[in-house]
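*Asks:* Below is one structure. I have some questions about it.
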Amino acid sequence: MKYGIHSLVFKQCVVVLLGFTIVFAFLFGLLRHQLNNRFSEILMERGAEISEKNVNLINRIFSDAELIGQNVRAQLGKERPDAKNFPEIMKRLLMNAREKVPETVALALATDTSSYPEYMRLVHVEGDSVAILEGKGYMNKAWYQNAKKAGKPMWQEPFIGDFVKEPIAVYTIPLFIPKKDGSEQFLGVICVDISIAFLQETVSNIRVENKGYAFVLSPKKNFVAHPNKSLMNTLYFEKLKAENSNIKAINEAIDKKSSGVFVGVTMRGETACIYYTPMIMEGWTFGIVWPADSFFERQRTMVRYFGISLVVGYLFLLILVLLVSFRVARPLNKMSRIAHDLGKGDFNVKIPRIPGKDEVAQFAQAFNKMRESLVEYIDNLKNVTNQKLRMEGELKVARDIQLGVLPKDEDEERMRDERHELTAFLQPARGVGGDFYDFYPLDKNRIVVAIADVSGKGIPAALFMMSVRTQLKSLALAGHQVAQVLDETNERLCHKNESNMFVTVWMGVLDLNTGHMDFCSAGHNPPVLCHTDGTVEFLKIKPGLVLAGMPDMHYQVHSVDLKPGERLFLYTDGVTEASNEENLFFGDNRLLMTIEEAKNTLTNDLCRLVKAKLDEFVGNAPQFDDITMLAVKYNGVEKKGDA
Amino acid sequence: MLIEKKVENAVMEIALDGRLDTMTAPQLETEIMGKLDGITDLRFDFVKLTYISSAGLRVLLTAQKIMNKQGRMIVQNVCPEIKDILEVTGFSDILTIV
């Protein structure tokens, strides 16, 4: 039993599993997509929730710091301090500012005027005291350049100051005075320095589920606040790695100035979901990181479960398909083996009973029924064939008996003499036919010749023929005239002739001394008369009805006088109606021509010639009817004087 | 052989087409036997009949015997070949050939 790639089992498995895979893959994709969407939604919601709590707080501090800056500018403009009272004013402004925003660690004014070129005054809180510092060398500092270039207030990229030695965010307000020509002249920059340690603290304290954390990113994408203090301590503002694929994503996301979620890789190289939202400070971003390791655990678990159920499903389906397939294929295989055995003629093979009522079981039942029917049929056929053979054998015996009663030659009837000679021939068709010929002497000088054809075939025809022949002969031997013989035979045959069989008879009585012949025809073909000059003709008379056709018939007696040497050829329609392969009859004309050809021959040669011509004409066409002929030649009486 | 049979009241018309021989005579026999009750006029049309054998003659004889008792039977449109056969067998004496 083989189940190769061409087997039903294999094909079914492949098709079903393929279908299963497609459906499963589609479902998996759909589910994953839905889950991802849902995750994004959840992360967005969570991100918004966390940032709302914390970013607002940070934003408020920074916006307050901006207000401080505006206030400082306004106060300086109003009080117009000189070099002397400037420190006092600045100190006061710083104290006021710290009341509002405790994170304010310094205020500064950096100028670039003709009276104060590159001169900076800075009030700075150190512990509980406030120090005033003076400084130079800031002209090329980024914050100064940026502030001057921007021409409007802005938050600078956080840094650790030269004077304030801690991470600070600086809010810069550039100062201009209008000139006479309407343009503005740059005077310097007011700085509000905010310690951003609180940012670090605030951000570190933000609890994010799944081991997540928050961070703040400067406009230059430096980490301003990050819970990883070691990271902060060593590098302070860790620049995102250049090769980090996040950069582009983060840049794009931040440039949109809207909130969002994306999946990226963190500094530690972990895959994570990253939420971002803009802060009040231009270019600053608040972000939340959920490490994928823990956060995607559920998703991965789901995928794993999905994978497991896929494999289990595969196995389960495979088993089911195999069960179903084998359920079909195994019996089919068995059946095909059995069919093979049946084909070889082994009808005793056992057909397994297949339980159930499905198509396969039905097929097996039908198959079994077929086998039984075949066995029965073959038994029947054997019986019928045997019967047929027996019947054919019996028919042949019957025919032999039937033909056996007919005289073979004149010696058998002890009628051979020199005044005549005759030959009879009968070739039966398959089965028992109804033709017969007959000849016998009535007395020393008279002989009877007869030929007959019973309608129908088989045993009935044979029995009928025996009866006809016996009656004709017995009546003739009893001394009746030929017409009376036929009349009487007809009456007897008509009596109780239920099957409406009939027989055509030609019967003649030849006087061997004179050549005179009295004859009657009961519906039989006219014989051929062969004259001594070689001419031939049908001995046509008006025939009577066939024997056994109708009762009360009176047959007309006719006569012919045969001259010495003349022959009379009797035949049945098996001769004239013998057909060739083209279904043409041998016919009357061919018969006449053939007989004409056999000029003055003996009757034996005449019959042989007719038979030969018939065979030649018929070819391979089957013979349907008996072929019967009887030829008689009248030789005349030898004159005693000649003897 | 084709047998076309029409029955109208007591008249039965049978037209034969082909050969009426040993093989086909049983067909005609089943068309007629036991179906002639009440028929007083049986008409055979032989216009398309090409041959008749002794088996065919037997059916005609049987029909004729029945119709002798209950009406008449005629045979129409007989071609010369079949007429010869009917004459040789003496059937022309007992059949009504028109």
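Residues in the structure tokens are named by chain (A, B, ... in the order shown) and by number from 1 within that chain; ligands are numbered from 1 in the order shown.
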Using only C-alpha atoms, which protein or nucleic acid residues come within 12 Å of B:Gly34? Drop anything in the same chain fewer than 4 positions from it, and give the result as a list of chain:residue names.
*Replies:*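 Close residues of B:Gly34: B:Leu28, B:Glu29, B:Thr30, B:Gly38, B:Ile39, B:Thr62, B:Ala63, B:Ile66.
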*Asks:* Could you list, as a PyMOL selection string, every residue of chain B that has an atom within 6 Å of an atom of chain A, counting only C-alpha atoms?
*Replies:* chain B and resi 54+88-91
*Asks:* Using DSSP assignments from the backbone, pull out every residue in stretch 19-68 of chain B that falls under strand (DSSP E) and give it to me as a VMD selection string.
*Replies:* chain B and resid 19 to 20 41 to 52
*Asks:* Given only C-alpha atoms as the basis, pick out the residue of B:Pro26, B:Met33, B:Ser53, B:Met1 nearest to B:Leu86.
*Replies:*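 Checking each of B:Pro26, B:Met33, B:Ser53, B:Met1 against B:Leu86, counting only C-alpha atoms, the winner is B:Ser53.
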*Asks:* Mind checking which residues fall within 9 Å of stretch 473-481 of chain A, counting only C-alpha atoms, ignoring those fewer than 2 positions away in the same chain, and posting them as a list of chain:residue names?
*Replies:*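 Residues meeting the cut-off are A:Asp438, A:Tyr440, A:Pro441, A:Leu442, A:Asp443, A:Val448, A:Val468, A:Arg469, A:Thr470, A:Gln471, A:Ala483, A:Gln484, A:Val485, A:Leu486, A:Glu488, A:Thr489, A:Val509, A:Asp518, A:Val557.
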*Asks:* Taking 2 positions as the minimum chain separation for residues in the same chain, which residues sit within 6 Å of stretch 2-10 of chain B when counting only C-alpha atoms? Answer as number ranges by chain.
*Replies:* B: 12-17, 38-40
*Asks:* I need the residues from that last selection saved to file as a JSON list (two decimals), in the first residue's frame (with all heavy atoms), if you can.
*Replies:*
```json
[["chain", "number", "residue", "atom", "x", "y", "z"],
["B", 12, "MET", "N", -57.94, -1.99, -39.34],
["B", 12, "MET", "CA", -56.52, -1.92, -38.98],
["B", 12, "MET", "C", -55.70, -1.88, -40.26],
["B", 12, "MET", "O", -55.87, -2.72, -41.14],
["B", 12, "MET", "CB", -56.11, -3.13, -38.13],
["B", 12, "MET", "CG", -54.64, -3.05, -37.68],
["B", 12, "MET", "SD", -54.08, -4.57, -36.90],
["B", 12, "MET", "CE", -54.76, -4.37, -35.28],
["B", 13, "GLU", "N", -54.83, -0.86, -40.33],
["B", 13, "GLU", "CA", -53.97, -0.76, -41.51],
["B", 13, "GLU", "C", -52.53, -0.96, -41.08],
["B", 13, "GLU", "O", -52.06, -0.33, -40.13],
["B", 13, "GLU", "CB", -54.11, 0.62, -42.15],
["B", 13, "GLU", "CG", -55.39, 0.76, -42.93],
["B", 13, "GLU", "CD", -55.44, 2.08, -43.70],
["B", 13, "GLU", "OE1", -54.52, 2.91, -43.55],
["B", 13, "GLU", "OE2", -56.41, 2.26, -44.43],
["B", 14, "ILE", "N", -51.84, -1.85, -41.80],
["B", 14, "ILE", "CA", -50.44, -2.10, -41.46],
["B", 14, "ILE", "C", -49.59, -1.92, -42.70],
["B", 14, "ILE", "O", -49.80, -2.60, -43.70],
["B", 14, "ILE", "CB", -50.26, -3.52, -40.89],
["B", 14, "ILE", "CG1", -51.01, -3.64, -39.56],
["B", 14, "ILE", "CG2", -48.79, -3.86, -40.70],
["B", 14, "ILE", "CD1", -51.04, -5.02, -39.00],
["B", 15, "ALA", "N", -48.67, -0.95, -42.61],
["B", 15, "ALA", "CA", -47.76, -0.73, -43.74],
["B", 15, "ALA", "C", -46.40, -1.30, -43.36],
["B", 15, "ALA", "O", -45.90, -1.06, -42.27],
["B", 15, "ALA", "CB", -47.65, 0.76, -44.05],
["B", 16, "LEU", "N", -45.83, -2.11, -44.27],
["B", 16, "LEU", "CA", -44.54, -2.74, -43.97],
["B", 16, "LEU", "C", -43.46, -2.14, -44.85],
["B", 16, "LEU", "O", -43.67, -1.84, -46.02],
["B", 16, "LEU", "CB", -44.62, -4.25, -44.23],
["B", 16, "LEU", "CG", -45.69, -4.98, -43.41],
["B", 16, "LEU", "CD1", -45.70, -6.45, -43.79],
["B", 16, "LEU", "CD2", -45.43, -4.83, -41.93],
["B", 17, "ASP", "N", -42.28, -1.95, -44.24],
["B", 17, "ASP", "CA", -41.17, -1.34, -44.96],
["B", 17, "ASP", "C", -39.92, -2.19, -44.70],
["B", 17, "ASP", "O", -39.47, -2.29, -43.58],
["B", 17, "ASP", "CB", -40.97, 0.09, -44.43],
["B", 17, "ASP", "CG", -39.87, 0.82, -45.18],
["B", 17, "ASP", "OD1", -39.13, 0.15, -45.93],
["B", 17, "ASP", "OD2", -39.76, 2.04, -45.01],
["B", 38, "GLY", "N", -62.38, -7.52, -32.70],
["B", 38, "GLY", "CA", -63.22, -6.41, -33.13],
["B", 38, "GLY", "C", -62.83, -5.82, -34.47],
["B", 38, "GLY", "O", -63.50, -4.96, -35.00],
["B", 39, "ILE", "N", -61.72, -6.30, -35.00],
["B", 39, "ILE", "CA", -61.29, -5.78, -36.32],
["B", 39, "ILE", "C", -62.04, -6.57, -37.39],
["B", 39, "ILE", "O", -62.05, -7.80, -37.39],
["B", 39, "ILE", "CB", -59.77, -5.96, -36.49],
["B", 39, "ILE", "CG1", -58.99, -5.20, -35.41],
["B", 39, "ILE", "CG2", -59.33, -5.51, -37.89],
["B", 39, "ILE", "CD1", -59.08, -3.71, -35.49],
["B", 40, "THR", "N", -62.64, -5.85, -38.29],
["B", 40, "THR", "CA", -63.35, -6.54, -39.37],
["B", 40, "THR", "C", -62.66, -6.31, -40.71],
["B", 40, "THR", "O", -62.99, -6.95, -41.69],
["B", 40, "THR", "CB", -64.81, -6.04, -39.48],
["B", 40, "THR", "OG1", -64.78, -4.62, -39.65],
["B", 40, "THR", "CG2", -65.59, -6.38, -38.22]]
```
*Asks:* For A:Lys350, work out the shell of residues within 12 Å, counting only C-alpha atoms and skipping chain neighbours fewer than 4 positions away, then give it as a list in words.
*Replies:*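 Near A:Lys350, the qualifying residues are Lys334, Met335, Arg337, Ile338, Ala339, Asp341, Leu342, Asp346, Ala364, Phe367, Asn368, Lys369, Arg371 and Glu372 of chain A.
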*Asks:* Kindly save the residues from that selection, with all heavy atoms included, as a compact mmCIF listing (two decimals), in the first residue's frame.
*Replies:*
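Wrote result37.txt, looks like this:
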```txt
# COMPACT_ATOMS: atom_id res chain seq x y z
N LYS A 334 -7.96 -1.35 -1.26
CA LYS A 334 -8.37 -2.75 -1.15
C LYS A 334 -9.23 -3.13 -2.34
O LYS A 334 -9.05 -4.18 -2.95
CB LYS A 334 -9.15 -2.96 0.15
CG LYS A 334 -8.24 -3.22 1.34
CD LYS A 334 -9.08 -3.56 2.56
CE LYS A 334 -8.23 -3.49 3.81
NZ LYS A 334 -9.06 -3.37 5.01
N MET A 335 -10.20 -2.21 -2.62
CA MET A 335 -11.13 -2.48 -3.72
C MET A 335 -10.38 -2.65 -5.03
O MET A 335 -10.71 -3.51 -5.84
CB MET A 335 -12.13 -1.32 -3.90
CG MET A 335 -13.05 -1.13 -2.73
SD MET A 335 -14.05 -2.58 -2.40
CE MET A 335 -14.61 -2.19 -0.79
N ARG A 337 -7.37 -3.64 -5.42
CA ARG A 337 -6.70 -4.95 -5.44
C ARG A 337 -7.68 -6.06 -5.74
O ARG A 337 -7.42 -6.96 -6.52
CB ARG A 337 -6.04 -5.20 -4.08
CG ARG A 337 -4.62 -4.70 -4.00
CD ARG A 337 -3.80 -5.56 -3.04
NE ARG A 337 -4.52 -5.92 -1.84
CZ ARG A 337 -4.60 -5.15 -0.77
NH1 ARG A 337 -4.00 -3.98 -0.76
NH2 ARG A 337 -5.27 -5.53 0.29
N ILE A 338 -8.87 -5.90 -5.09
CA ILE A 338 -9.89 -6.93 -5.29
C ILE A 338 -10.37 -6.93 -6.73
O ILE A 338 -10.55 -7.98 -7.34
CB ILE A 338 -11.05 -6.70 -4.31
CG1 ILE A 338 -10.58 -7.04 -2.89
CG2 ILE A 338 -12.26 -7.53 -4.69
CD1 ILE A 338 -11.48 -6.52 -1.82
N ALA A 339 -10.54 -5.69 -7.27
CA ALA A 339 -10.98 -5.58 -8.67
C ALA A 339 -9.97 -6.28 -9.57
O ALA A 339 -10.34 -6.95 -10.54
CB ALA A 339 -11.12 -4.12 -9.06
N ASP A 341 -8.04 -8.79 -8.69
CA ASP A 341 -8.25 -10.23 -8.53
C ASP A 341 -9.47 -10.69 -9.29
O ASP A 341 -9.46 -11.74 -9.95
CB ASP A 341 -8.39 -10.59 -7.04
CG ASP A 341 -7.05 -10.44 -6.31
OD1 ASP A 341 -6.03 -10.33 -7.02
OD2 ASP A 341 -7.04 -10.42 -5.08
N LEU A 342 -10.54 -9.89 -9.17
CA LEU A 342 -11.78 -10.23 -9.87
C LEU A 342 -11.51 -10.32 -11.38
O LEU A 342 -11.98 -11.21 -12.05
CB LEU A 342 -12.86 -9.18 -9.62
CG LEU A 342 -13.55 -9.20 -8.26
CD1 LEU A 342 -14.58 -8.10 -8.18
CD2 LEU A 342 -14.23 -10.54 -8.02
N ASP A 346 -10.73 -14.48 -10.15
CA ASP A 346 -10.85 -15.03 -8.80
C ASP A 346 -12.05 -14.38 -8.11
O ASP A 346 -11.97 -13.27 -7.60
CB ASP A 346 -9.56 -14.73 -8.00
CG ASP A 346 -9.66 -15.26 -6.58
OD1 ASP A 346 -10.66 -15.96 -6.27
OD2 ASP A 346 -8.76 -14.96 -5.78
N ALA A 364 -18.40 -0.01 -1.09
CA ALA A 364 -17.97 -1.38 -0.78
C ALA A 364 -19.13 -2.34 -0.91
O ALA A 364 -18.99 -3.44 -1.46
CB ALA A 364 -17.38 -1.43 0.62
N PHE A 367 -19.87 -2.81 -4.41
CA PHE A 367 -18.80 -3.62 -4.99
C PHE A 367 -19.05 -5.09 -4.68
O PHE A 367 -18.94 -5.95 -5.56
CB PHE A 367 -17.48 -3.16 -4.37
CG PHE A 367 -16.28 -3.45 -5.23
CD1 PHE A 367 -15.97 -2.63 -6.28
CD2 PHE A 367 -15.50 -4.56 -4.97
CE1 PHE A 367 -14.87 -2.90 -7.06
CE2 PHE A 367 -14.41 -4.84 -5.77
CZ PHE A 367 -14.09 -3.99 -6.81
N ASN A 368 -19.41 -5.33 -3.44
CA ASN A 368 -19.68 -6.70 -3.02
C ASN A 368 -20.85 -7.27 -3.81
O ASN A 368 -20.83 -8.40 -4.26
CB ASN A 368 -19.96 -6.73 -1.52
CG ASN A 368 -19.73 -8.12 -0.96
OD1 ASN A 368 -19.04 -8.93 -1.57
ND2 ASN A 368 -20.33 -8.39 0.18
N LYS A 369 -21.87 -6.40 -3.95
CA LYS A 369 -23.06 -6.83 -4.68
C LYS A 369 -22.68 -7.16 -6.12
O LYS A 369 -23.16 -8.13 -6.70
CB LYS A 369 -24.09 -5.69 -4.65
CG LYS A 369 -25.46 -6.13 -5.04
CD LYS A 369 -26.49 -5.55 -4.09
CE LYS A 369 -27.77 -6.33 -4.21
NZ LYS A 369 -28.80 -5.89 -3.35
N ARG A 371 -19.82 -8.18 -7.14
CA ARG A 371 -19.10 -9.45 -7.16
C ARG A 371 -20.09 -10.62 -7.13
O ARG A 371 -20.01 -11.54 -7.93
CB ARG A 371 -18.15 -9.55 -5.98
CG ARG A 371 -17.27 -10.79 -5.99
CD ARG A 371 -16.56 -10.97 -4.68
NE ARG A 371 -17.49 -11.23 -3.59
CZ ARG A 371 -17.84 -12.44 -3.18
NH1 ARG A 371 -17.31 -13.50 -3.75
NH2 ARG A 371 -18.70 -12.60 -2.20
N GLU A 372 -21.07 -10.47 -6.19
CA GLU A 372 -22.07 -11.54 -6.08
C GLU A 372 -22.83 -11.70 -7.39
O GLU A 372 -23.05 -12.81 -7.88
CB GLU A 372 -23.04 -11.23 -4.94
CG GLU A 372 -22.43 -11.51 -3.58
CD GLU A 372 -23.27 -10.92 -2.45
OE1 GLU A 372 -24.40 -10.45 -2.73
OE2 GLU A 372 -22.79 -10.91 -1.31
```
*Asks:* Report, in Å to a single decimal, how far apart atom CA of A:Glu596 and atom CA of A:Gln623 are.
*Replies:*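 Interatomic distance, atom CA of A:Gln623 to atom CA of A:Glu596: 24.6 Å.
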*Asks:* Just list the residues in stretch 43-83 of chain B DSSP gives alpha helix (DSSP H) on the backbone, as a PyMOL selection string.
*Replies:* chain B and resi 54-70+80-83
*Asks:* Can you write just those residues out, all heavy atoms, as a short mmCIF file (atom, residue, chain, number, x, y, z; two decimals), in the first residue's frame?
*Replies:*
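As a result, again29.cif now contains:
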```cif
data_model
loop_
_atom_site.label_atom_id
_atom_site.label_comp_id
_atom_site.auth_asym_id
_atom_site.auth_seq_id
_atom_site.Cartn_x
_atom_site.Cartn_y
_atom_site.Cartn_z
N SER B 54 -40.86 -17.56 -45.92
CA SER B 54 -41.91 -18.47 -45.47
C SER B 54 -42.38 -18.08 -44.07
O SER B 54 -43.56 -18.22 -43.75
CB SER B 54 -41.41 -19.91 -45.49
OG SER B 54 -40.28 -20.02 -44.65
N ALA B 55 -41.46 -17.53 -43.24
CA ALA B 55 -41.88 -17.10 -41.91
C ALA B 55 -42.89 -15.96 -42.02
O ALA B 55 -43.86 -15.89 -41.26
CB ALA B 55 -40.67 -16.64 -41.11
N GLY B 56 -42.67 -15.08 -43.02
CA GLY B 56 -43.60 -13.98 -43.24
C GLY B 56 -44.93 -14.50 -43.77
O GLY B 56 -46.00 -14.04 -43.35
N LEU B 57 -44.83 -15.46 -44.64
CA LEU B 57 -46.05 -16.04 -45.20
C LEU B 57 -46.90 -16.66 -44.10
O LEU B 57 -48.12 -16.60 -44.12
CB LEU B 57 -45.69 -17.10 -46.25
CG LEU B 57 -45.09 -16.54 -47.54
CD1 LEU B 57 -44.66 -17.70 -48.45
CD2 LEU B 57 -46.09 -15.66 -48.28
N ARG B 58 -46.20 -17.25 -43.13
CA ARG B 58 -46.91 -17.92 -42.04
C ARG B 58 -47.73 -16.89 -41.26
O ARG B 58 -48.87 -17.16 -40.89
CB ARG B 58 -45.90 -18.59 -41.11
CG ARG B 58 -46.54 -19.49 -40.12
CD ARG B 58 -45.53 -20.15 -39.21
NE ARG B 58 -46.07 -20.12 -37.86
CZ ARG B 58 -45.64 -19.34 -36.90
NH1 ARG B 58 -44.67 -18.50 -37.14
NH2 ARG B 58 -46.21 -19.37 -35.72
N VAL B 59 -47.17 -15.71 -41.03
CA VAL B 59 -47.90 -14.67 -40.30
C VAL B 59 -49.13 -14.25 -41.10
O VAL B 59 -50.23 -14.08 -40.57
CB VAL B 59 -47.00 -13.45 -40.00
CG1 VAL B 59 -47.79 -12.39 -39.26
CG2 VAL B 59 -45.80 -13.87 -39.19
N LEU B 60 -48.92 -14.09 -42.44
CA LEU B 60 -50.04 -13.71 -43.30
C LEU B 60 -51.13 -14.77 -43.24
O LEU B 60 -52.32 -14.46 -43.16
CB LEU B 60 -49.58 -13.54 -44.74
CG LEU B 60 -48.74 -12.29 -45.06
CD1 LEU B 60 -48.52 -12.20 -46.57
CD2 LEU B 60 -49.44 -11.02 -44.56
N LEU B 61 -50.70 -16.04 -43.27
CA LEU B 61 -51.65 -17.15 -43.25
C LEU B 61 -52.46 -17.14 -41.96
O LEU B 61 -53.69 -17.26 -41.96
CB LEU B 61 -50.88 -18.47 -43.39
CG LEU B 61 -51.71 -19.74 -43.37
CD1 LEU B 61 -52.67 -19.77 -44.56
CD2 LEU B 61 -50.81 -20.98 -43.40
N THR B 62 -51.74 -16.93 -40.86
CA THR B 62 -52.40 -16.88 -39.56
C THR B 62 -53.44 -15.75 -39.53
O THR B 62 -54.58 -15.94 -39.10
CB THR B 62 -51.37 -16.65 -38.45
OG1 THR B 62 -50.31 -17.58 -38.61
CG2 THR B 62 -51.98 -16.80 -37.08
N ALA B 63 -53.02 -14.57 -40.01
CA ALA B 63 -53.93 -13.42 -40.02
C ALA B 63 -55.14 -13.72 -40.90
O ALA B 63 -56.28 -13.40 -40.55
CB ALA B 63 -53.19 -12.18 -40.52
N GLN B 64 -54.85 -14.33 -42.05
CA GLN B 64 -55.94 -14.62 -42.99
C GLN B 64 -56.96 -15.56 -42.35
O GLN B 64 -58.17 -15.37 -42.48
CB GLN B 64 -55.37 -15.24 -44.27
CG GLN B 64 -56.40 -15.52 -45.34
CD GLN B 64 -56.99 -14.25 -45.92
OE1 GLN B 64 -56.26 -13.39 -46.44
NE2 GLN B 64 -58.31 -14.08 -45.80
N LYS B 65 -56.44 -16.55 -41.62
CA LYS B 65 -57.34 -17.52 -40.99
C LYS B 65 -58.23 -16.82 -39.97
O LYS B 65 -59.42 -17.11 -39.87
CB LYS B 65 -56.53 -18.61 -40.29
CG LYS B 65 -56.03 -19.68 -41.24
CD LYS B 65 -55.32 -20.75 -40.43
CE LYS B 65 -54.77 -21.85 -41.31
NZ LYS B 65 -53.92 -22.75 -40.53
N ILE B 66 -57.64 -15.90 -39.23
CA ILE B 66 -58.44 -15.18 -38.22
C ILE B 66 -59.49 -14.31 -38.91
O ILE B 66 -60.66 -14.30 -38.54
CB ILE B 66 -57.52 -14.32 -37.32
CG1 ILE B 66 -56.61 -15.22 -36.48
CG2 ILE B 66 -58.34 -13.41 -36.41
CD1 ILE B 66 -55.48 -14.49 -35.79
N MET B 67 -59.04 -13.58 -39.95
CA MET B 67 -59.94 -12.64 -40.61
C MET B 67 -61.03 -13.36 -41.39
O MET B 67 -62.11 -12.81 -41.61
CB MET B 67 -59.16 -11.68 -41.52
CG MET B 67 -58.21 -10.75 -40.78
SD MET B 67 -58.95 -9.95 -39.35
CE MET B 67 -60.16 -8.89 -40.15
N ASN B 68 -60.75 -14.61 -41.80
CA ASN B 68 -61.79 -15.39 -42.46
C ASN B 68 -63.00 -15.53 -41.57
O ASN B 68 -64.13 -15.61 -42.03
CB ASN B 68 -61.26 -16.78 -42.81
CG ASN B 68 -60.42 -16.75 -44.09
OD1 ASN B 68 -60.44 -15.74 -44.81
ND2 ASN B 68 -59.70 -17.83 -44.36
N LYS B 69 -62.73 -15.55 -40.24
CA LYS B 69 -63.82 -15.77 -39.31
C LYS B 69 -64.53 -14.46 -38.96
O LYS B 69 -65.70 -14.46 -38.60
CB LYS B 69 -63.28 -16.38 -38.01
CG LYS B 69 -62.83 -17.82 -38.17
CD LYS B 69 -62.21 -18.32 -36.88
CE LYS B 69 -61.34 -19.55 -37.13
NZ LYS B 69 -60.30 -19.69 -36.13
N GLN B 70 -63.83 -13.32 -39.01
CA GLN B 70 -64.45 -12.11 -38.46
C GLN B 70 -64.51 -10.94 -39.43
O GLN B 70 -64.93 -9.86 -39.04
CB GLN B 70 -63.70 -11.67 -37.20
CG GLN B 70 -62.25 -11.27 -37.43
CD GLN B 70 -61.50 -11.12 -36.11
OE1 GLN B 70 -61.51 -12.00 -35.27
NE2 GLN B 70 -60.86 -9.96 -35.95
N PRO B 80 -43.98 -6.78 -58.03
CA PRO B 80 -43.94 -8.01 -58.85
C PRO B 80 -43.18 -9.15 -58.19
O PRO B 80 -43.61 -10.30 -58.26
CB PRO B 80 -43.24 -7.55 -60.13
CG PRO B 80 -43.45 -6.10 -60.18
CD PRO B 80 -43.54 -5.61 -58.78
N GLU B 81 -42.05 -8.84 -57.53
CA GLU B 81 -41.24 -9.90 -56.92
C GLU B 81 -42.04 -10.65 -55.85
O GLU B 81 -42.02 -11.89 -55.78
CB GLU B 81 -39.98 -9.32 -56.28
CG GLU B 81 -38.94 -8.80 -57.24
CD GLU B 81 -39.25 -7.41 -57.77
OE1 GLU B 81 -40.20 -6.78 -57.23
OE2 GLU B 81 -38.59 -6.97 -58.72
N ILE B 82 -42.75 -9.89 -55.05
CA ILE B 82 -43.50 -10.52 -53.98
C ILE B 82 -44.73 -11.21 -54.55
O ILE B 82 -45.15 -12.27 -54.08
CB ILE B 82 -43.85 -9.48 -52.90
CG1 ILE B 82 -42.55 -9.10 -52.19
CG2 ILE B 82 -44.87 -10.03 -51.91
CD1 ILE B 82 -42.67 -8.05 -51.16
N LYS B 83 -45.27 -10.60 -55.60
CA LYS B 83 -46.41 -11.24 -56.25
C LYS B 83 -46.00 -12.63 -56.75
O LYS B 83 -46.75 -13.60 -56.61
CB LYS B 83 -46.88 -10.38 -57.44
CG LYS B 83 -48.32 -10.64 -57.83
CD LYS B 83 -48.86 -9.52 -58.70
CE LYS B 83 -50.30 -9.20 -58.34
NZ LYS B 83 -50.70 -7.88 -58.85
#
```
